[in-house]
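Chemist: Following this message is one structure expressed as structure tokens.
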Amino acid sequence: MENPFGSIHYNNIGTWLRQRFGCQVSKLSLDGGFTCPNRDGSKGYAGCSFCSWEGSGEFASAATPETIQDAVNRQIALLSRKWPEGKYIAYFQSHTNTYAPAEKLRALFDAALSVSDVAGLAVATRPDCLPPDVLDLLSEYNQRTFLWVELGLQTMHDHTADMLNRCYPTSVFTEAAAALSARSIPFLVHLIFGLPGETKEDMLDSVRFVAAQKPFGIKIHSLSYLSDSTLGRVLVSQEKGFNCSYKAFPPLRPLELPEYIDLVVDALEILPPDITVHRITGDAPAETLLAPLWPKNKHAVLNGIQQEFKKRGSFQGCRAR
């Protein structure tokens with residue numbers, strides 16, 4: 001089997017989008033003012049143990065239906081200096097971006113799409129926040145524009161998810177993926193490598209499980225221990241010789257860079273080649289990142305992954321079943 005991806009060795013979303021639109025396509029990260037059922041008391045108050053206070057939206061621009069056009073245009077003004085002919089995807093990133101009445105979602109999405117050169121939507125959410133009226137709304141947008149939905153799974157293993165306070169079983173994810181597929185709505189899945197107690201085979205099992213759901217894409221990054229997350233506080237307390245958490249965690253060990261590179265290449269080798277890869281390293285805020293510190297050097301991470309592919313002579317899908 002020949003490598004169909006050239007020097008990059010995997011089905012990179014940037015390349016895929018350039019082929020789809022004929023130009024550079026960039027995401028505009030937006031905070032639509034949403035919360036999360038795992039923060040507002042509907043399911044919990046503490047949030048997922050790995051999640052920051054900002055709900056993974058530290059780099060997103062705050063926006064309401066009245067201000068979103070300005071937020072989008074500010075980002076476009078910066079990016080268009082580098083790509084004057086580019087197109088953009090409005091990426092609703094922070095917290096749970098379908099956790100609101102469908103009318104609010106429509107107002108935000110319509111306002112973002114009304115900006116010139118915004119060619120589509122990306123909506124990050126939880127799989128337990130896709131009621132029928134929201135699915136119907138997403139199906140409508142899927143007919144109108146380019147769309148994908150991002151589902152935060154992190155792991156297929158319910159014992160890990162329970163420890164992380166994810167507050168939904170993996171069966172709910174499976175139902176959400178099936179509901180989106182039934183409506184032909186493309187979706188991505190987020191996975192985190194290095195979660196407490198998980199072995200290499202546990203992580204690769206999550207990749208195999210995700211591949212079986214036939215998503216449009218996948219995001220992978222290492223677990224970041226952030227000072228404003230539960231796991232960050234537990235890491236600090238364990239390093240001091242005690243556990244301050246309301247839950248018992250196993251000893252926490254941030255992944256080393258060579259270990260992570262090996263994991264990512266193994267994961268992509270077993271991932272079917274038609275699944276787009278949207279992320280293989282994270283962008284944690286430097287001021288709150290406790291460990292590991294190597295993701296700060298994104299170039300070193302990506303280069304290390306490319307070198308490992310070259311060393312093996314492999315590529316995405318070469319070991320997929």
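As shown in the structure tokens, the chain order sets the letters A, B, ...; within each chain, residues go from 1, and ligands are also counted from 1 in the order they appear.
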At a cut-off of 8 Å, can you tabulate as a tab-separated table every residue of stretch 196-297 of chain A near stretch 159-174 of chain A together with its closest atom pair and the distance in Å to one decimal, using only C-alpha atoms and ordering rows by chain then number?

Modeler:
```
residue	atom	partner	partner_atom	distance
A:Pro196	CA	A:Thr160	CA	7.4
A:Gly197	CA	A:Thr160	CA	7.5
A:Glu198	CA	A:Thr160	CA	7.6
A:Gln213	CA	A:Thr174	CA	7.5
A:Lys247	CA	A:Met163	CA	7.5
A:Phe249	CA	A:Met163	CA	7.4
```

Chemist: Do a neighbour search on stretch 294-297 of chain A at 12 Å with only C-alpha atoms, toss out local chain neighbours closer than 3 positions, and write the hits as a ChimeraX atom specification.

Modeler: /A:221-225,254-261,280-291,300-304

Chemist: Hey, what does DSSP flag as strand (DSSP E) within stretch 143-320 of chain A? Can you give it to me as a ChimeraX atom specification?

Modeler: /A:146-154,187-193,217-222,225-226,276-279,289-291

Chemist: Convert the current residue selection to file output with N, CA and C atoms, as a PDB file, in the first residue's frame.

Modeler:
```pdb
ATOM      1  N   PHE A 146     -21.420  24.572   4.895  1.00  0.00           N
ATOM      2  CA  PHE A 146     -20.459  23.557   5.325  1.00  0.00           C
ATOM      3  C   PHE A 146     -20.498  23.500   6.849  1.00  0.00           C
ATOM      4  N   LEU A 147     -20.607  22.296   7.412  1.00  0.00           N
ATOM      5  CA  LEU A 147     -20.794  22.142   8.853  1.00  0.00           C
ATOM      6  C   LEU A 147     -20.110  20.888   9.361  1.00  0.00           C
ATOM      7  N   TRP A 148     -19.525  21.002  10.541  1.00  0.00           N
ATOM      8  CA  TRP A 148     -19.233  19.789  11.308  1.00  0.00           C
ATOM      9  C   TRP A 148     -19.534  20.055  12.777  1.00  0.00           C
ATOM     10  N   VAL A 149     -19.821  18.975  13.515  1.00  0.00           N
ATOM     11  CA  VAL A 149     -20.100  19.009  14.944  1.00  0.00           C
ATOM     12  C   VAL A 149     -18.980  18.262  15.648  1.00  0.00           C
ATOM     13  N   GLU A 150     -18.465  18.829  16.737  1.00  0.00           N
ATOM     14  CA  GLU A 150     -17.378  18.208  17.489  1.00  0.00           C
ATOM     15  C   GLU A 150     -17.916  17.640  18.795  1.00  0.00           C
ATOM     16  N   LEU A 151     -17.667  16.359  19.026  1.00  0.00           N
ATOM     17  CA  LEU A 151     -18.125  15.673  20.232  1.00  0.00           C
ATOM     18  C   LEU A 151     -16.944  15.362  21.141  1.00  0.00           C
ATOM     19  N   GLY A 152     -17.028  15.815  22.385  1.00  0.00           N
ATOM     20  CA  GLY A 152     -15.976  15.530  23.351  1.00  0.00           C
ATOM     21  C   GLY A 152     -16.194  14.174  23.992  1.00  0.00           C
ATOM     22  N   LEU A 153     -15.445  13.182  23.576  1.00  0.00           N
ATOM     23  CA  LEU A 153     -15.512  11.842  24.162  1.00  0.00           C
ATOM     24  C   LEU A 153     -14.373  11.629  25.150  1.00  0.00           C
ATOM     25  N   GLN A 154     -13.148  11.906  24.717  1.00  0.00           N
ATOM     26  CA  GLN A 154     -11.912  11.820  25.500  1.00  0.00           C
ATOM     27  C   GLN A 154     -11.454  10.377  25.692  1.00  0.00           C
ATOM     28  N   PHE A 187     -19.291  14.732  11.851  1.00  0.00           N
ATOM     29  CA  PHE A 187     -18.885  14.998  13.227  1.00  0.00           C
ATOM     30  C   PHE A 187     -17.446  14.561  13.454  1.00  0.00           C
ATOM     31  N   LEU A 188     -16.818  15.247  14.402  1.00  0.00           N
ATOM     32  CA  LEU A 188     -15.473  14.893  14.857  1.00  0.00           C
ATOM     33  C   LEU A 188     -15.563  14.352  16.272  1.00  0.00           C
ATOM     34  N   VAL A 189     -14.501  13.679  16.689  1.00  0.00           N
ATOM     35  CA  VAL A 189     -14.426  13.154  18.045  1.00  0.00           C
ATOM     36  C   VAL A 189     -13.112  13.586  18.675  1.00  0.00           C
ATOM     37  N   HIS A 190     -13.205  14.093  19.914  1.00  0.00           N
ATOM     38  CA  HIS A 190     -12.024  14.465  20.679  1.00  0.00           C
ATOM     39  C   HIS A 190     -11.569  13.288  21.538  1.00  0.00           C
ATOM     40  N   LEU A 191     -10.287  12.985  21.501  1.00  0.00           N
ATOM     41  CA  LEU A 191      -9.689  11.997  22.400  1.00  0.00           C
ATOM     42  C   LEU A 191      -8.505  12.625  23.117  1.00  0.00           C
ATOM     43  N   ILE A 192      -8.292  12.217  24.366  1.00  0.00           N
ATOM     44  CA  ILE A 192      -7.143  12.676  25.141  1.00  0.00           C
ATOM     45  C   ILE A 192      -6.277  11.467  25.475  1.00  0.00           C
ATOM     46  N   PHE A 193      -4.996  11.571  25.179  1.00  0.00           N
ATOM     47  CA  PHE A 193      -4.033  10.536  25.552  1.00  0.00           C
ATOM     48  C   PHE A 193      -3.372  10.918  26.890  1.00  0.00           C
ATOM     49  N   GLY A 217     -13.950  13.279  11.287  1.00  0.00           N
ATOM     50  CA  GLY A 217     -12.603  13.605  11.726  1.00  0.00           C
ATOM     51  C   GLY A 217     -12.355  13.260  13.180  1.00  0.00           C
ATOM     52  N   ILE A 218     -11.117  13.485  13.591  1.00  0.00           N
ATOM     53  CA  ILE A 218     -10.681  13.185  14.947  1.00  0.00           C
ATOM     54  C   ILE A 218      -9.719  14.260  15.423  1.00  0.00           C
ATOM     55  N   LYS A 219      -9.745  14.519  16.735  1.00  0.00           N
ATOM     56  CA  LYS A 219      -8.762  15.379  17.388  1.00  0.00           C
ATOM     57  C   LYS A 219      -8.115  14.579  18.511  1.00  0.00           C
ATOM     58  N   ILE A 220      -6.784  14.636  18.568  1.00  0.00           N
ATOM     59  CA  ILE A 220      -6.036  13.951  19.616  1.00  0.00           C
ATOM     60  C   ILE A 220      -5.080  14.945  20.249  1.00  0.00           C
ATOM     61  N   HIS A 221      -5.026  14.946  21.558  1.00  0.00           N
ATOM     62  CA  HIS A 221      -3.957  15.695  22.224  1.00  0.00           C
ATOM     63  C   HIS A 221      -3.633  15.023  23.554  1.00  0.00           C
ATOM     64  N   SER A 222      -2.514  15.374  24.115  1.00  0.00           N
ATOM     65  CA  SER A 222      -2.117  14.821  25.413  1.00  0.00           C
ATOM     66  C   SER A 222      -2.873  15.528  26.528  1.00  0.00           C
ATOM     67  N   TYR A 225      -2.219  19.236  32.320  1.00  0.00           N
ATOM     68  CA  TYR A 225      -2.558  19.528  33.713  1.00  0.00           C
ATOM     69  C   TYR A 225      -2.531  21.044  33.887  1.00  0.00           C
ATOM     70  N   LEU A 226      -3.715  21.627  34.068  1.00  0.00           N
ATOM     71  CA  LEU A 226      -3.857  23.073  34.164  1.00  0.00           C
ATOM     72  C   LEU A 226      -4.123  23.483  35.607  1.00  0.00           C
ATOM     73  N   THR A 276     -10.479  12.511   8.596  1.00  0.00           N
ATOM     74  CA  THR A 276      -9.599  13.674   8.636  1.00  0.00           C
ATOM     75  C   THR A 276      -9.039  13.884  10.043  1.00  0.00           C
ATOM     76  N   VAL A 277      -7.807  14.351  10.101  1.00  0.00           N
ATOM     77  CA  VAL A 277      -7.114  14.574  11.378  1.00  0.00           C
ATOM     78  C   VAL A 277      -7.031  16.079  11.615  1.00  0.00           C
ATOM     79  N   HIS A 278      -7.697  16.545  12.659  1.00  0.00           N
ATOM     80  CA  HIS A 278      -7.828  17.972  12.916  1.00  0.00           C
ATOM     81  C   HIS A 278      -6.831  18.476  13.951  1.00  0.00           C
ATOM     82  N   ARG A 279      -6.332  17.587  14.773  1.00  0.00           N
ATOM     83  CA  ARG A 279      -5.365  18.015  15.796  1.00  0.00           C
ATOM     84  C   ARG A 279      -4.617  16.798  16.294  1.00  0.00           C
ATOM     85  N   LEU A 289      -0.561  26.231  32.388  1.00  0.00           N
ATOM     86  CA  LEU A 289      -0.064  24.882  32.125  1.00  0.00           C
ATOM     87  C   LEU A 289       0.982  24.480  33.163  1.00  0.00           C
ATOM     88  N   LEU A 290       0.685  23.405  33.892  1.00  0.00           N
ATOM     89  CA  LEU A 290       1.609  22.869  34.891  1.00  0.00           C
ATOM     90  C   LEU A 290       2.502  21.777  34.307  1.00  0.00           C
ATOM     91  N   ALA A 291       1.913  20.886  33.525  1.00  0.00           N
ATOM     92  CA  ALA A 291       2.650  19.759  32.953  1.00  0.00           C
ATOM     93  C   ALA A 291       1.741  19.057  31.936  1.00  0.00           C
TER      94      ALA A 291
END
```

Chemist: Might you pull out every residue within 10 Å of A:Val265, with only C-alpha atoms counted and same-chain residues fewer than 6 positions away left off, and present them as a ChimeraX atom specification?

Modeler: /A:9-10,271,280,304-306,308-309,312,314-316

Chemist: With a distance cut-off of 7 Å and only C-alpha atoms, select the neighbouring residues of A:Ile68, excluding the residue or stretch itself and same-chain residues fewer than 4 positions from it, and output the selection as JSON, numbers by chain.

Modeler: {"A": [63, 64, 72, 111, 112]}

Chemist: How about saving the chosen residues, N, CA and C atoms kept, as a short mmCIF file (atom, residue, chain, number, x, y, z; two decimals), in the first residue's frame?

Modeler:
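Okay, out.cif is ready:
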```cif
data_model
loop_
_atom_site.label_atom_id
_atom_site.label_comp_id
_atom_site.auth_asym_id
_atom_site.auth_seq_id
_atom_site.Cartn_x
_atom_site.Cartn_y
_atom_site.Cartn_z
N ALA A 63 -18.61 36.51 22.16
CA ALA A 63 -19.54 37.01 21.14
C ALA A 63 -20.98 36.75 21.56
N THR A 64 -21.85 37.68 21.25
CA THR A 64 -23.29 37.54 21.37
C THR A 64 -23.89 37.72 19.98
N VAL A 72 -15.99 38.31 14.65
CA VAL A 72 -15.53 37.58 13.46
C VAL A 72 -14.69 38.47 12.57
N ALA A 111 -25.82 34.96 12.55
CA ALA A 111 -24.99 36.17 12.59
C ALA A 111 -23.58 35.88 12.11
N ALA A 112 -23.02 34.74 12.51
CA ALA A 112 -21.67 34.40 12.06
C ALA A 112 -21.63 34.16 10.56
#
```

Chemist: As an exercise, work out the distance from atom CA of A:Ser94 to atom CA of A:Phe34 in Å and give it to one decimal place.

Modeler: 7.2 Å

Chemist: I'd like to know which residues of stretch 55-225 of chain A are alpha helix (DSSP H) (by DSSP, run on the backbone); could you write them as an NGL selection string?

Modeler: :A and (68-79 or 102-113 or 132-144 or 158-163 or 170-182 or 200-212)

Chemist: Residues within 9 Å of A:Lys27, please, as a CSV table (one decimal) with N, CA, C and O atoms, in the first residue's frame. Count only C-alpha atoms; anything in the same chain fewer than 3 positions from it doesn't count.

Modeler:
```
chain,number,residue,atom,x,y,z
A,87,LYS,N,-10.9,31.7,3.1
A,87,LYS,CA,-12.2,31.5,3.6
A,87,LYS,C,-12.1,31.1,5.1
A,87,LYS,O,-11.0,30.8,5.6
A,88,TYR,N,-13.3,31.2,5.8
A,88,TYR,CA,-13.2,31.0,7.2
A,88,TYR,C,-14.4,30.1,7.7
A,88,TYR,O,-15.5,30.1,7.1
A,89,ILE,N,-14.1,29.4,8.8
A,89,ILE,CA,-15.1,28.6,9.5
A,89,ILE,C,-15.4,29.2,10.9
A,89,ILE,O,-14.4,29.4,11.6
A,90,ALA,N,-16.6,29.6,11.2
A,90,ALA,CA,-16.9,30.1,12.5
A,90,ALA,C,-17.0,28.9,13.5
A,90,ALA,O,-17.8,28.1,13.3
A,91,TYR,N,-16.0,28.9,14.4
A,91,TYR,CA,-15.8,27.8,15.3
A,91,TYR,C,-16.3,28.1,16.7
A,91,TYR,O,-15.7,28.9,17.4
A,121,LEU,N,-19.6,26.4,9.5
A,121,LEU,CA,-19.7,26.4,11.0
A,121,LEU,C,-19.0,25.1,11.5
A,121,LEU,O,-19.1,24.0,10.9
A,122,ALA,N,-18.4,25.3,12.7
A,122,ALA,CA,-17.9,24.1,13.5
A,122,ALA,C,-18.5,24.3,14.9
A,122,ALA,O,-18.3,25.4,15.4
```

Chemist: Select, from A:Ser7, A:Thr67, A:Ser52, A:Thr155, the residue with the minimum atom-to-atom distance to A:Gly313, counting only C-alpha atoms.

Modeler: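 Closest candidate: A:Ser7.
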
Chemist: Atom CA of A:Ser26 and atom CA of A:Glu66 are how many Å apart?

Modeler: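 So the answer is 22.7 Å.
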
Chemist: For a test of reading the model, state the distance in Å between atom CA of A:His299 and atom CA of A:His95, rounded to one decimal.

Modeler: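 Computed distance, atom CA of A:His299 to atom CA of A:His95, equals 27.2 Å.
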
Chemist: Counting only C-alpha atoms, which residue out of A:Thr98, A:Ser139, A:Gln93, A:Asn73 sits closest to A:Asp117?

Modeler: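 Among the listed residues, the smallest separation from A:Asp117 belongs to A:Asn73.
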
Chemist: Looking at A:Arg321, A:Leu235, A:Gly22, A:Leu268, which one is nearest to A:Ile8, with distances taken over only C-alpha atoms?

Modeler: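 Between A:Arg321, A:Leu235, A:Gly22, A:Leu268, the residue approaching A:Ile8 most closely is A:Leu268.
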